[in-house]
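Take a look at the structure below.
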Amino acid sequence: MILKGGFLMERIIKKVPPTKPIVPKKKRVAAYARVSSGKDAMIHSLSAQVSYYSDYIQKRRDWQYVGVYADEASTGTKDDREQFQKLLADCRAGLIDMVITKSISRFARNTVTMLEVIRELKGINVDVFFEKENIHSLSGDGELMLTILASFAQEESRSVSENCKWRIRKQFEEGEIVNWRFMFGYRSVDGRMEIEPKEAEVVRLVFSDYINGESTVSIARRLQSEGIPTRFGGQWSVRRIIDMIRNEKYTGNALLQKKYVTNHLTKVLTLNRGQLPKYFAEDTHEAIINEEIFRQAQVIYERNKIDAATKTSTTQRYSFSGLIRCPHCGKNYKRKINHGKVLWNCATFLKEDKAICHTKQIPEETLFAITSEVIGLSEFDETVFKKVIREIIVPEFNTLVFVYNDGQHIKRVWQDRPRGERWSEDLKQKAREREIQRRGESK
């Protein structure tokens, strides 16, 4: 009631309904899947997982399907998984509210890695649901349960790895060749290695030319120019030729356990320099060359290696000399100065150009900066660097893989500076002067 003009009057109130119904916001959901190798069965499994999660998410009306991020990875470490990194980037960008994954072991085998990721996602309110364990990371006891179960998953991974190692080493002791499927000159037929005639002729030719004094660079260049295919269609390189010359399996014998895995999480192969026994098995398969030819090739190789070491010891050494390796041709990177700028590039590229090895130069200032970060220093220290790092591998453009002395490795990627930033006023002026001089000479 209200007082109006001396009279009490009843207040009239009308309810105005909303013109549009309030639609609840859909939860943006993605899935993550991973398989451990590139085998056909695993690829089929990965495809099945992608289909399953696509259907599973899109059936929910209260969920918005973002996508399935899937990796074929040999390890559960996050740095090596491209799609996993993309998933994290999309979560950080606010594009995902929840991630579904099959199990803790599929998400990450390393307890520390798993918890780091879970805590980061929890901080930006992104839930992770583990189907097998039926755990949501945002639940009250989620982190405690995940810590316990992830520890079990990591130990299970270690146990499986140790069992595999034991089985493989027992096979080595019995003279069996393990995981030998791809070797130029041979084919695997019903578990037996048989000679591939055309490739075997190339092997014999390589050994013959090498013994007769032809260099590995020359042999690689000739095979490439003649269009002789490698096993998988790659480039013939010095590294390929050296690996062929050094491989005792071409004599019909096999030296087993030349490499071993140091860490069950990273699965990085390390050369066996006496840490584990090796086994030499005779007559394991048909030979392509005889043992005398192989012995002659090894004598020449060792002599050339000594000559190369003698030449290297007389030249000036730099901080990265002998430590940056090109995995494509096997050569180390060398230091060069181009227009006053210090750069490092593959020795094969510098000598033979990109026809033999296609690589990209690395500015020395970039090497110093990234290496300092990797070894945890504000400024580069050569003594600390050489105590910690065994070698640096350059697998692709703008990418460095630092291999520690204990076998661990870490990858770093950098961005080139825009061309405008790289050109100082002094360099621009010199370029102008060269152009003026060129035009004057052409008149």
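Identifiers in the structure tokens: chain A, B, ... in order shown; residue index from 1 per chain; ligand index from 1 in order shown.
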
> So which bits of stretch 176-400 of chain A end up strand (DSSP E) when you DSSP the backbone, as a ChimeraX atom specification?
Replying inline: /A:186-189,192-195,254-256,259-261,269-271,279-281,324-325,333-338,341-346,362-363,389-393,399-400

>> Could you tell me how far atom CA of A:Ser237 sits from atom CA of A:Asp209, in Å to one decimal place?
In response: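 Answer for the atom CA of A:Asp209 to atom CA of A:Ser237 separation: 15.4 Å.
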
> Within 9 Å of stretch 386-392 of chain A, counting only C-alpha atoms, which residues qualify if same-chain residues fewer than 5 places away don't, as a PyMOL selection string?
Replying inline: chain A and resi 319-320+322-326+375+381+400-407

Spatial neighbours of A:Glu396, 10 Å, only C-alpha atoms, chain gap at least 2 places, as a PDB file with N, CA, C and O atoms, in the first residue's frame:
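To be explicit, this is the file written out as result-v3.pdb:
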ATOM      1  N   CYS A 326      76.475 -32.740 -36.095  1.00  0.00           N
ATOM      2  CA  CYS A 326      75.379 -32.826 -37.065  1.00  0.00           C
ATOM      3  C   CYS A 326      74.967 -34.304 -37.175  1.00  0.00           C
ATOM      4  O   CYS A 326      75.767 -35.136 -37.606  1.00  0.00           O
ATOM      5  N   PRO A 327      73.739 -34.670 -36.792  1.00  0.00           N
ATOM      6  CA  PRO A 327      73.330 -36.078 -36.857  1.00  0.00           C
ATOM      7  C   PRO A 327      73.071 -36.571 -38.273  1.00  0.00           C
ATOM      8  O   PRO A 327      72.973 -37.772 -38.506  1.00  0.00           O
ATOM      9  N   HIS A 328      72.979 -35.645 -39.237  1.00  0.00           N
ATOM     10  CA  HIS A 328      72.666 -36.030 -40.617  1.00  0.00           C
ATOM     11  C   HIS A 328      73.891 -36.609 -41.337  1.00  0.00           C
ATOM     12  O   HIS A 328      73.767 -37.561 -42.100  1.00  0.00           O
ATOM     13  N   HIS A 358      72.351 -30.527 -45.715  1.00  0.00           N
ATOM     14  CA  HIS A 358      71.600 -29.270 -45.669  1.00  0.00           C
ATOM     15  C   HIS A 358      71.407 -28.856 -44.218  1.00  0.00           C
ATOM     16  O   HIS A 358      70.581 -29.414 -43.501  1.00  0.00           O
ATOM     17  N   THR A 359      72.174 -27.894 -43.748  1.00  0.00           N
ATOM     18  CA  THR A 359      72.061 -27.417 -42.380  1.00  0.00           C
ATOM     19  C   THR A 359      71.968 -25.892 -42.378  1.00  0.00           C
ATOM     20  O   THR A 359      71.987 -25.259 -43.419  1.00  0.00           O
ATOM     21  N   LYS A 360      71.895 -25.333 -41.185  1.00  0.00           N
ATOM     22  CA  LYS A 360      71.771 -23.883 -41.049  1.00  0.00           C
ATOM     23  C   LYS A 360      72.779 -23.394 -40.022  1.00  0.00           C
ATOM     24  O   LYS A 360      72.993 -24.036 -38.993  1.00  0.00           O
ATOM     25  N   ILE A 393      73.780 -31.654 -30.089  1.00  0.00           N
ATOM     26  CA  ILE A 393      73.314 -32.205 -31.363  1.00  0.00           C
ATOM     27  C   ILE A 393      72.348 -31.201 -31.989  1.00  0.00           C
ATOM     28  O   ILE A 393      71.546 -30.575 -31.302  1.00  0.00           O
ATOM     29  N   VAL A 394      72.439 -31.052 -33.320  1.00  0.00           N
ATOM     30  CA  VAL A 394      71.561 -30.114 -34.034  1.00  0.00           C
ATOM     31  C   VAL A 394      70.653 -30.931 -34.954  1.00  0.00           C
ATOM     32  O   VAL A 394      70.959 -31.127 -36.131  1.00  0.00           O
ATOM     33  N   ASN A 398      67.278 -24.336 -35.990  1.00  0.00           N
ATOM     34  CA  ASN A 398      66.940 -23.584 -34.779  1.00  0.00           C
ATOM     35  C   ASN A 398      66.639 -24.474 -33.576  1.00  0.00           C
ATOM     36  O   ASN A 398      65.879 -24.096 -32.691  1.00  0.00           O
ATOM     37  N   THR A 399      67.257 -25.663 -33.552  1.00  0.00           N
ATOM     38  CA  THR A 399      67.045 -26.587 -32.444  1.00  0.00           C
ATOM     39  C   THR A 399      68.378 -27.152 -31.976  1.00  0.00           C
ATOM     40  O   THR A 399      69.191 -27.596 -32.789  1.00  0.00           O
ATOM     41  N   LEU A 400      68.598 -27.149 -30.664  1.00  0.00           N
ATOM     42  CA  LEU A 400      69.800 -27.721 -30.062  1.00  0.00           C
ATOM     43  C   LEU A 400      69.395 -28.742 -29.014  1.00  0.00           C
ATOM     44  O   LEU A 400      68.485 -28.486 -28.211  1.00  0.00           O
ATOM     45  N   VAL A 401      70.056 -29.901 -29.024  1.00  0.00           N
ATOM     46  CA  VAL A 401      69.846 -30.915 -27.989  1.00  0.00           C
ATOM     47  C   VAL A 401      71.146 -31.054 -27.208  1.00  0.00           C
ATOM     48  O   VAL A 401      72.160 -31.488 -27.753  1.00  0.00           O
ATOM     49  N   VAL A 413      64.970 -24.516 -28.315  1.00  0.00           N
ATOM     50  CA  VAL A 413      64.646 -23.952 -29.627  1.00  0.00           C
ATOM     51  C   VAL A 413      64.756 -22.435 -29.532  1.00  0.00           C
ATOM     52  O   VAL A 413      64.373 -21.852 -28.514  1.00  0.00           O
TER      53      VAL A 413
END

>> Using only C-alpha atoms, which protein or nucleic acid residues come within 8 Å of stretch 60-69 of chain A? Drop anything in the same chain fewer than 5 positions from it, and give the result as a PyMOL selection string.
In response: chain A and resi 25-33+50+53-54+83-84+86-87+96

Write the residues of the preceding selection, restricted to all heavy atoms, as a compact mmCIF listing (two decimals), in the first residue's frame.
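Below is the file out_20.txt, written as the result:
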# COMPACT_ATOMS: atom_id res chain seq x y z
N LYS A 25 26.64 -22.37 -19.81
CA LYS A 25 27.86 -22.40 -20.60
C LYS A 25 28.39 -23.84 -20.68
O LYS A 25 28.50 -24.52 -19.66
CB LYS A 25 28.92 -21.50 -19.97
CG LYS A 25 30.20 -21.41 -20.77
CD LYS A 25 31.21 -20.50 -20.07
CE LYS A 25 32.51 -20.44 -20.86
NZ LYS A 25 33.53 -19.59 -20.17
N LYS A 26 28.72 -24.26 -21.88
CA LYS A 26 29.24 -25.61 -22.06
C LYS A 26 30.70 -25.70 -21.62
O LYS A 26 31.47 -24.75 -21.80
CB LYS A 26 29.13 -26.04 -23.52
CG LYS A 26 27.70 -26.29 -23.99
CD LYS A 26 27.70 -26.87 -25.40
CE LYS A 26 26.28 -27.20 -25.85
NZ LYS A 26 26.28 -27.82 -27.20
N LYS A 27 31.05 -26.83 -21.05
CA LYS A 27 32.44 -27.07 -20.65
C LYS A 27 33.25 -27.49 -21.88
O LYS A 27 32.88 -28.42 -22.60
CB LYS A 27 32.51 -28.17 -19.59
CG LYS A 27 33.91 -28.44 -19.07
CD LYS A 27 33.90 -29.53 -18.01
CE LYS A 27 33.27 -29.04 -16.72
NZ LYS A 27 33.43 -30.03 -15.63
N ARG A 28 34.34 -26.79 -22.11
CA ARG A 28 35.20 -27.09 -23.27
C ARG A 28 36.15 -28.23 -22.90
O ARG A 28 36.99 -28.09 -22.01
CB ARG A 28 35.99 -25.85 -23.67
CG ARG A 28 35.10 -24.70 -24.15
CD ARG A 28 35.83 -23.39 -24.18
NE ARG A 28 36.31 -23.01 -22.85
CZ ARG A 28 37.04 -21.92 -22.61
NH1 ARG A 28 37.39 -21.12 -23.59
NH2 ARG A 28 37.43 -21.65 -21.37
N VAL A 29 35.98 -29.35 -23.61
CA VAL A 29 36.67 -30.59 -23.23
C VAL A 29 37.56 -31.08 -24.37
O VAL A 29 37.15 -31.11 -25.54
CB VAL A 29 35.66 -31.69 -22.85
CG1 VAL A 29 36.39 -32.97 -22.43
CG2 VAL A 29 34.75 -31.20 -21.72
N ALA A 30 38.79 -31.48 -24.02
CA ALA A 30 39.72 -32.09 -24.96
C ALA A 30 40.20 -33.41 -24.39
O ALA A 30 40.00 -33.70 -23.20
CB ALA A 30 40.92 -31.17 -25.22
N ALA A 31 40.82 -34.21 -25.22
CA ALA A 31 41.37 -35.50 -24.77
C ALA A 31 42.82 -35.60 -25.20
O ALA A 31 43.23 -34.99 -26.19
CB ALA A 31 40.57 -36.66 -25.34
N TYR A 32 43.59 -36.38 -24.43
CA TYR A 32 44.99 -36.63 -24.79
C TYR A 32 45.23 -38.13 -24.86
O TYR A 32 44.85 -38.89 -23.96
CB TYR A 32 45.96 -36.01 -23.78
CG TYR A 32 47.40 -36.32 -24.13
CD1 TYR A 32 48.00 -35.71 -25.22
CD2 TYR A 32 48.13 -37.26 -23.42
CE1 TYR A 32 49.29 -36.01 -25.59
CE2 TYR A 32 49.43 -37.57 -23.77
CZ TYR A 32 50.01 -36.94 -24.86
OH TYR A 32 51.29 -37.26 -25.24
N ALA A 33 45.86 -38.57 -25.96
CA ALA A 33 46.18 -40.00 -26.15
C ALA A 33 47.63 -40.13 -26.57
O ALA A 33 48.19 -39.25 -27.22
CB ALA A 33 45.27 -40.60 -27.22
N VAL A 50 41.60 -42.08 -30.59
CA VAL A 50 41.12 -40.80 -31.12
C VAL A 50 39.63 -40.89 -31.45
O VAL A 50 38.84 -39.99 -31.10
CB VAL A 50 41.92 -40.39 -32.37
CG1 VAL A 50 41.29 -39.17 -33.04
CG2 VAL A 50 43.37 -40.10 -32.00
N TYR A 53 37.49 -41.08 -28.08
CA TYR A 53 37.35 -39.83 -27.36
C TYR A 53 36.52 -38.80 -28.13
O TYR A 53 35.78 -38.01 -27.54
CB TYR A 53 38.72 -39.25 -27.01
CG TYR A 53 39.38 -39.96 -25.86
CD1 TYR A 53 40.62 -40.57 -26.01
CD2 TYR A 53 38.76 -40.04 -24.62
CE1 TYR A 53 41.22 -41.23 -24.95
CE2 TYR A 53 39.35 -40.70 -23.55
CZ TYR A 53 40.58 -41.30 -23.72
OH TYR A 53 41.16 -41.95 -22.67
N SER A 54 36.64 -38.81 -29.45
CA SER A 54 35.83 -37.90 -30.26
C SER A 54 34.34 -38.17 -30.04
O SER A 54 33.54 -37.25 -29.81
CB SER A 54 36.18 -38.05 -31.74
OG SER A 54 37.51 -37.69 -31.99
N GLN A 83 52.29 -32.88 -29.53
CA GLN A 83 50.87 -32.64 -29.28
C GLN A 83 50.60 -32.34 -27.81
O GLN A 83 49.70 -31.56 -27.48
CB GLN A 83 50.05 -33.84 -29.75
CG GLN A 83 49.92 -33.96 -31.25
CD GLN A 83 49.15 -32.80 -31.84
OE1 GLN A 83 47.99 -32.55 -31.48
NE2 GLN A 83 49.77 -32.07 -32.76
N PHE A 84 51.38 -32.95 -26.93
CA PHE A 84 51.23 -32.66 -25.50
C PHE A 84 51.57 -31.20 -25.23
O PHE A 84 50.88 -30.51 -24.46
CB PHE A 84 52.13 -33.59 -24.68
CG PHE A 84 51.90 -33.51 -23.20
CD1 PHE A 84 50.85 -34.19 -22.61
CD2 PHE A 84 52.74 -32.76 -22.39
CE1 PHE A 84 50.63 -34.11 -21.25
CE2 PHE A 84 52.54 -32.69 -21.03
CZ PHE A 84 51.47 -33.36 -20.45
N LYS A 86 51.32 -28.78 -27.38
CA LYS A 86 50.24 -27.98 -27.96
C LYS A 86 49.03 -27.97 -27.04
O LYS A 86 48.35 -26.93 -26.88
CB LYS A 86 49.86 -28.55 -29.33
CG LYS A 86 48.87 -27.68 -30.11
CD LYS A 86 48.65 -28.24 -31.51
CE LYS A 86 47.79 -27.31 -32.35
NZ LYS A 86 46.46 -27.10 -31.77
N LEU A 87 48.74 -29.11 -26.42
CA LEU A 87 47.64 -29.19 -25.45
C LEU A 87 47.86 -28.21 -24.30
O LEU A 87 46.95 -27.47 -23.92
CB LEU A 87 47.52 -30.62 -24.93
CG LEU A 87 46.58 -30.84 -23.74
CD1 LEU A 87 45.13 -30.60 -24.16
CD2 LEU A 87 46.74 -32.25 -23.17
N ILE A 96 40.60 -24.44 -23.09
CA ILE A 96 40.17 -25.76 -22.60
C ILE A 96 39.83 -25.66 -21.12
O ILE A 96 40.55 -25.03 -20.34
CB ILE A 96 41.29 -26.80 -22.83
CG1 ILE A 96 41.59 -26.96 -24.32
CG2 ILE A 96 40.92 -28.15 -22.22
CD1 ILE A 96 42.82 -27.80 -24.62

> So what do you get for atom CA of A:Asp90 versus atom CA of A:Ser51, distance-wise?
Replying inline: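 Here the two named atoms are 20.8 Å from each other.
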
> From the list A:Gln58, A:Thr230, A:Ser215, A:Thr113, which residue is nearest A:Ala297 when using only C-alpha atoms?
Replying inline: A:Ser215

> atom CA of A:Thr101 and atom CA of A:Tyr56 are how many Å apart?
Replying inline: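 For atom CA of A:Thr101 relative to atom CA of A:Tyr56, the distance reads 11.8 Å.
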
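Using only C-alpha atoms, the shortest contact distance between A:Ala89 and any of A:Ile104, A:Met244, A:Val189, A:Val117 is found at A:Val117.
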